[in-house]
Each structure stands twice: as C-alpha cells, then as structure tokens.
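Chemist: Below is the structure I would like to discuss, written out as structure tokens.
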Amino acid sequence: MQRRLLTTTLLLATLCLTTGCLPSRVAIDLDPGDGRIESTQVFADRESSWFGALPKVALIDVDGVLSHIPQPGLITPASNPVDRVVARLREAERDESVRAVVLRVNSPGGTVGASETIYEEIRRFSERSGKPVVVSMSELAASGGYYISLASDRIVAQPSTITGSVGVIFQTFNVSEGLSMIGIEGRAVTSGPNKAIASPFEPTDPEHYEILQGIVDGFYADFRERVIEHRPGIPTDELAIATDGRIFTGAQALEIGLVDQLGTVYDAFEAAKSLAGLTEAQLVKYHAEGARVNSPYAAAPDTRPNTVDRSVDVTLFEIENARFTTGFYYLWRP
C-alpha cells in the first residue's frame, strides 16, 4: 500500500512540476499524522521499577530558520518553527512528570519577530511552570539561534558549535542601473516619499537607508541588552567583541562568556537535572506523531517515516525553499 501511494504521489508531483502548478522543490510526507505530539524515552539513569517511573526531562528541538512563515509540504499541513516550539513548551508545562526542559538548538537564526517570540515564550514557560530550561547547542546556534538561547537558565555548547553572530541584517539589492543600461526604467507611484523605501528598481535614496539603519540600530540595541542582561560574566572590555557580529566556536564562546559550559546533550541533561533538584531522571524527546526516534539526535521535529529528509535545510539555510522574504533578521548568512 505504501509503495503504491509513493508511486502515485511521485507521479502527481512530476505532473505538477511539468505543468507549472508547483515550485521546483517540494516536501513529500506520506504519514502526516494529525499534529499530535508524542514523546519517546531516549535515555534514562536507570530502568523504571515498581517504585514508579523516573521524572522526565523533555528534549525539544529548535531547528532551521526561525520564522512565522508556514512550511507546508505537498500533502502535509502547514507548520512553522515558532508554532512547533510553543506547542512543545505547552506540552512540557502541562505534564507534571516533566521537571525540566532541554532545548536542542540547531539554527542560524531567523527573523527578528520570530526570534523575539520564541525568546518570550521560553521566558513565559519558565515563569509559569517554574521548570528550568537548559539549551544544548548543536552544530549551529548563531544570531537568532543565540538570541533565543539567552532565555534559558544555562547554555551548554559543543566545542565545535558555531554561535555568536550578535547583530541584525536587512538585505537590500538595487538593479536600477543595470536596467537603465537596457532601456528599462522603474518608477513606483506612491502616496509618500518613503512608501517605496529601498526599492530595487529605482535609484538608491540615502534618506531611505538612514531610516532603515535607524531600525537596524534599534533591534541591535535590544539584542545587545539581552546579552548584557543574561551574560553578566562577559568582561566589559570584551563586550564589544562579543557583540560585533562575529561568530565563535563553542570553545571560544566559553572563554568570552557567551556560554556556560562545553558538553553534549547528555551534559545538558545533567545540568537540567541539577537545576531541577533531581538525582535521577529520564530524557524524553518530543516529536511529531509517528516519527522514528532512536536517540536524542533523531532528525528534526516534523520528520516521520517515509518523509523526505529535510536535515540539510539548516546547512542551506532553507534558501532553496525560497522562505526568505524582505525583512529584518537576526541571522548568520555566510
């Protein structure tokens, strides 16, 4: 049955691609479930006994570019990173057997709005539940990925983690000069002088970029204040280096004070237990219904059996998904 469904789906996708009804890249999910969150034990200090099950530490993935934009597949319901994180935090808040949370962050950042929302939701979770939150940084926790990490009670990075990139970017481009060389002139009819701000089709206007720079500076000031608030151990004379937009390895981040310790997800688990006052616990991974989970390092939250592998999206920053739109980003884009 699954083979027949796969063949039918691939034929449908091929037909749509050749007739132009779909973009050139789609995600196919043959087992979307109904959106419910499941949990699977991926580690325990000991096996449960007749004394009762061990208390839980919930492991929640924060993967890919942080955005409010839905990321639908061919036959999957739309979802976005913000919704996935918030839904799992609420599940951890409702479950009384969950005593702490480990956020496994693997993200280059994302929009300012999405990063800010996730940060606030983590803080809200901590305040409402009283449960500690520990961040375990994976390969990448840069810019917005670092911004949301600041909301936690402790940050654990791997030595090879790429983090930092404290700053804001608003990417623009201008093709007006190139168009004029082939006799094309772009002109927008607007209600005011700043309505078509930074239009790529008209000559650049310095006043437009002054307005945009003011917004970027404001967002950057907020980011920098978050660093100062949550990382008081950074020496004053090194604060400028820590927040000038450069990236650091996990080992370098520890030296400068951007993270608390080096270690793996298991070290983050130990830190979460300590903050929750636990001597023994089980680590349970939250994931979409039907996902195959064999270890804490299982694939992204929405990966299920027979699903196209989207793990490369973090590396490629989902540019191939055309998920980037004009806007302000806490994002590392090498």
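How things are named: the first chain in the structure tokens is A, the next is B, and so on; residues count from 1 in each chain; ligands count from 1 in the order shown.
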Write out, as a Markdown table, each residue of region 110-178 of chain A that has an atom at most 9 Å from region 230-240 of chain A, together with the closest pair of atoms and their distance in Å to one decimal, counting only C-alpha atoms, rows going by chain and rising number.

Modeler:
| residue | atom | partner | partner_atom | distance |
| --- | --- | --- | --- | --- |
| A:Leu150 | CA | A:His230 | CA | 6.2 |
| A:Ala151 | CA | A:His230 | CA | 7.7 |
| A:Ser152 | CA | A:His230 | CA | 8.9 |
| A:Asp153 | CA | A:His230 | CA | 8.9 |

Chemist: Print the selection's residues with all heavy atoms to a file, as a compact mmCIF listing (two decimals), in the first residue's frame.

Modeler:
# COMPACT_ATOMS: atom_id res chain seq x y z
N LEU A 150 19.49 32.80 25.02
CA LEU A 150 19.65 33.70 26.17
C LEU A 150 18.49 33.59 27.15
O LEU A 150 18.63 33.98 28.31
CB LEU A 150 19.80 35.14 25.69
CG LEU A 150 21.09 35.49 24.95
CD1 LEU A 150 20.99 36.88 24.33
CD2 LEU A 150 22.29 35.40 25.88
N ALA A 151 17.36 33.07 26.70
CA ALA A 151 16.19 32.96 27.58
C ALA A 151 16.30 31.79 28.54
O ALA A 151 15.48 31.65 29.45
CB ALA A 151 14.92 32.82 26.74
N SER A 152 17.30 30.93 28.37
CA SER A 152 17.43 29.73 29.18
C SER A 152 18.15 30.02 30.50
O SER A 152 18.71 31.10 30.70
CB SER A 152 18.18 28.65 28.41
OG SER A 152 19.54 29.03 28.23
N ASP A 153 18.16 29.02 31.36
CA ASP A 153 18.85 29.13 32.64
C ASP A 153 20.32 28.74 32.53
O ASP A 153 21.13 29.12 33.39
CB ASP A 153 18.17 28.24 33.69
CG ASP A 153 16.73 28.66 33.94
OD1 ASP A 153 16.53 29.75 34.50
OD2 ASP A 153 15.82 27.91 33.56

Chemist: Could you pull out all residues of region 135-320 of chain A with a DSSP call of strand (DSSP E or B) and give them as a ChimeraX atom specification?

Modeler: /A:135-142,154-157,162-164,169,247-249,261-262,282-288,307

Chemist: For Ala276 (chain A), work out the shell of residues within 12 Å, counting only C-alpha atoms and skipping chain neighbours fewer than 3 positions away, then give it as a PyMOL selection string.

Modeler: chain A and resi 55-57+97-102+126+129-134+153+269-273+279-281

Chemist: Would you please work out which residue, of A:Glu96, A:Asn294, A:Gly167, A:Val62, is nearest to Asp83 (chain A) when using only C-alpha atoms?

Modeler: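 Checking each candidate against Asp83 (chain A), we get A:Val62 as the closest.
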
Chemist: Return as CSV the residues of region 150-243 of chain A lying at most 10 Å from region 249-254 of chain A, together with the closest atom-to-atom pair for each and the distance in Å to one decimal, counting only C-alpha atoms, with rows in chain order and ascending residue number.

Modeler:
residue,atom,partner,partner_atom,distance
A:Ile155,CA,A:Leu254,CA,9.7
A:Val156,CA,A:Gly250,CA,8.6
A:Ala157,CA,A:Gly250,CA,5.3
A:Gln158,CA,A:Gly250,CA,5.6
A:Pro159,CA,A:Gly250,CA,4.4
A:Ser160,CA,A:Thr249,CA,5.5
A:Thr161,CA,A:Gly250,CA,4.8
A:Ile162,CA,A:Thr249,CA,4.8
A:Thr163,CA,A:Thr249,CA,6.2
A:Gly164,CA,A:Ala253,CA,7.4
A:Ile234,CA,A:Leu254,CA,9.8
A:Ala242,CA,A:Ala253,CA,8.4

Chemist: Write the residues of the preceding selection, restricted to all heavy atoms, as a PDB file, in the first residue's frame.

Modeler:
ATOM      1  N   ILE A 155      23.439  27.555  29.316  1.00  0.00           N
ATOM      2  CA  ILE A 155      23.755  27.265  27.920  1.00  0.00           C
ATOM      3  C   ILE A 155      24.945  26.319  27.867  1.00  0.00           C
ATOM      4  O   ILE A 155      26.014  26.619  28.402  1.00  0.00           O
ATOM      5  CB  ILE A 155      24.085  28.551  27.126  1.00  0.00           C
ATOM      6  CG1 ILE A 155      22.904  29.525  27.160  1.00  0.00           C
ATOM      7  CG2 ILE A 155      24.439  28.207  25.686  1.00  0.00           C
ATOM      8  CD1 ILE A 155      23.202  30.864  26.493  1.00  0.00           C
ATOM      9  N   VAL A 156      24.733  25.176  27.206  1.00  0.00           N
ATOM     10  CA  VAL A 156      25.792  24.177  27.018  1.00  0.00           C
ATOM     11  C   VAL A 156      26.089  24.090  25.526  1.00  0.00           C
ATOM     12  O   VAL A 156      25.184  23.811  24.728  1.00  0.00           O
ATOM     13  CB  VAL A 156      25.365  22.793  27.550  1.00  0.00           C
ATOM     14  CG1 VAL A 156      26.492  21.777  27.352  1.00  0.00           C
ATOM     15  CG2 VAL A 156      24.963  22.878  29.024  1.00  0.00           C
ATOM     16  N   ALA A 157      27.332  24.348  25.143  1.00  0.00           N
ATOM     17  CA  ALA A 157      27.723  24.297  23.731  1.00  0.00           C
ATOM     18  C   ALA A 157      28.722  23.181  23.510  1.00  0.00           C
ATOM     19  O   ALA A 157      29.503  22.847  24.408  1.00  0.00           O
ATOM     20  CB  ALA A 157      28.332  25.630  23.294  1.00  0.00           C
ATOM     21  N   GLN A 158      28.688  22.604  22.342  1.00  0.00           N
ATOM     22  CA  GLN A 158      29.745  21.682  21.961  1.00  0.00           C
ATOM     23  C   GLN A 158      30.979  22.502  21.576  1.00  0.00           C
ATOM     24  O   GLN A 158      30.851  23.656  21.134  1.00  0.00           O
ATOM     25  CB  GLN A 158      29.294  20.802  20.792  1.00  0.00           C
ATOM     26  CG  GLN A 158      28.125  19.894  21.130  1.00  0.00           C
ATOM     27  CD  GLN A 158      27.663  19.034  19.964  1.00  0.00           C
ATOM     28  OE1 GLN A 158      26.649  18.378  20.066  1.00  0.00           O
ATOM     29  NE2 GLN A 158      28.415  19.022  18.863  1.00  0.00           N
ATOM     30  N   PRO A 159      32.184  21.970  21.725  1.00  0.00           N
ATOM     31  CA  PRO A 159      33.384  22.740  21.361  1.00  0.00           C
ATOM     32  C   PRO A 159      33.348  23.245  19.917  1.00  0.00           C
ATOM     33  O   PRO A 159      33.859  24.333  19.620  1.00  0.00           O
ATOM     34  CB  PRO A 159      34.523  21.745  21.575  1.00  0.00           C
ATOM     35  CG  PRO A 159      34.004  20.799  22.614  1.00  0.00           C
ATOM     36  CD  PRO A 159      32.528  20.665  22.331  1.00  0.00           C
ATOM     37  N   SER A 160      32.728  22.471  19.029  1.00  0.00           N
ATOM     38  CA  SER A 160      32.701  22.829  17.612  1.00  0.00           C
ATOM     39  C   SER A 160      31.462  23.611  17.197  1.00  0.00           C
ATOM     40  O   SER A 160      31.312  23.959  16.021  1.00  0.00           O
ATOM     41  CB  SER A 160      32.779  21.553  16.764  1.00  0.00           C
ATOM     42  OG  SER A 160      31.683  20.696  17.055  1.00  0.00           O
ATOM     43  N   THR A 161      30.555  23.886  18.130  1.00  0.00           N
ATOM     44  CA  THR A 161      29.366  24.678  17.814  1.00  0.00           C
ATOM     45  C   THR A 161      29.764  26.033  17.228  1.00  0.00           C
ATOM     46  O   THR A 161      30.722  26.658  17.675  1.00  0.00           O
ATOM     47  CB  THR A 161      28.520  24.916  19.079  1.00  0.00           C
ATOM     48  OG1 THR A 161      28.019  23.675  19.562  1.00  0.00           O
ATOM     49  CG2 THR A 161      27.333  25.830  18.788  1.00  0.00           C
ATOM     50  N   ILE A 162      29.016  26.490  16.221  1.00  0.00           N
ATOM     51  CA  ILE A 162      29.176  27.856  15.714  1.00  0.00           C
ATOM     52  C   ILE A 162      28.072  28.699  16.335  1.00  0.00           C
ATOM     53  O   ILE A 162      26.884  28.417  16.163  1.00  0.00           O
ATOM     54  CB  ILE A 162      29.090  27.914  14.182  1.00  0.00           C
ATOM     55  CG1 ILE A 162      30.222  27.108  13.553  1.00  0.00           C
ATOM     56  CG2 ILE A 162      29.128  29.362  13.694  1.00  0.00           C
ATOM     57  CD1 ILE A 162      31.614  27.614  13.917  1.00  0.00           C
ATOM     58  N   THR A 163      28.474  29.717  17.082  1.00  0.00           N
ATOM     59  CA  THR A 163      27.494  30.543  17.781  1.00  0.00           C
ATOM     60  C   THR A 163      27.924  32.013  17.705  1.00  0.00           C
ATOM     61  O   THR A 163      28.824  32.374  16.955  1.00  0.00           O
ATOM     62  CB  THR A 163      27.321  30.071  19.240  1.00  0.00           C
ATOM     63  OG1 THR A 163      26.226  30.782  19.835  1.00  0.00           O
ATOM     64  CG2 THR A 163      28.579  30.254  20.048  1.00  0.00           C
ATOM     65  N   GLY A 164      27.257  32.864  18.474  1.00  0.00           N
ATOM     66  CA  GLY A 164      27.544  34.295  18.392  1.00  0.00           C
ATOM     67  C   GLY A 164      26.756  34.944  17.280  1.00  0.00           C
ATOM     68  O   GLY A 164      25.547  34.750  17.163  1.00  0.00           O
ATOM     69  N   ILE A 234      30.501  38.411  30.995  1.00  0.00           N
ATOM     70  CA  ILE A 234      31.357  38.895  29.911  1.00  0.00           C
ATOM     71  C   ILE A 234      32.096  40.141  30.378  1.00  0.00           C
ATOM     72  O   ILE A 234      31.457  41.126  30.784  1.00  0.00           O
ATOM     73  CB  ILE A 234      30.534  39.219  28.654  1.00  0.00           C
ATOM     74  CG1 ILE A 234      29.821  37.965  28.138  1.00  0.00           C
ATOM     75  CG2 ILE A 234      31.428  39.806  27.562  1.00  0.00           C
ATOM     76  CD1 ILE A 234      28.931  38.208  26.935  1.00  0.00           C
ATOM     77  N   ALA A 242      32.290  40.609  21.688  1.00  0.00           N
ATOM     78  CA  ALA A 242      31.245  39.586  21.792  1.00  0.00           C
ATOM     79  C   ALA A 242      29.991  39.952  21.021  1.00  0.00           C
ATOM     80  O   ALA A 242      29.218  39.057  20.640  1.00  0.00           O
ATOM     81  CB  ALA A 242      30.897  39.346  23.260  1.00  0.00           C
TER      82      ALA A 242
END

Chemist: To one decimal place, how far is CA of Thr264 (chain A) from CA of Pro334 (chain A) in Å?

Modeler: 25.2 Å
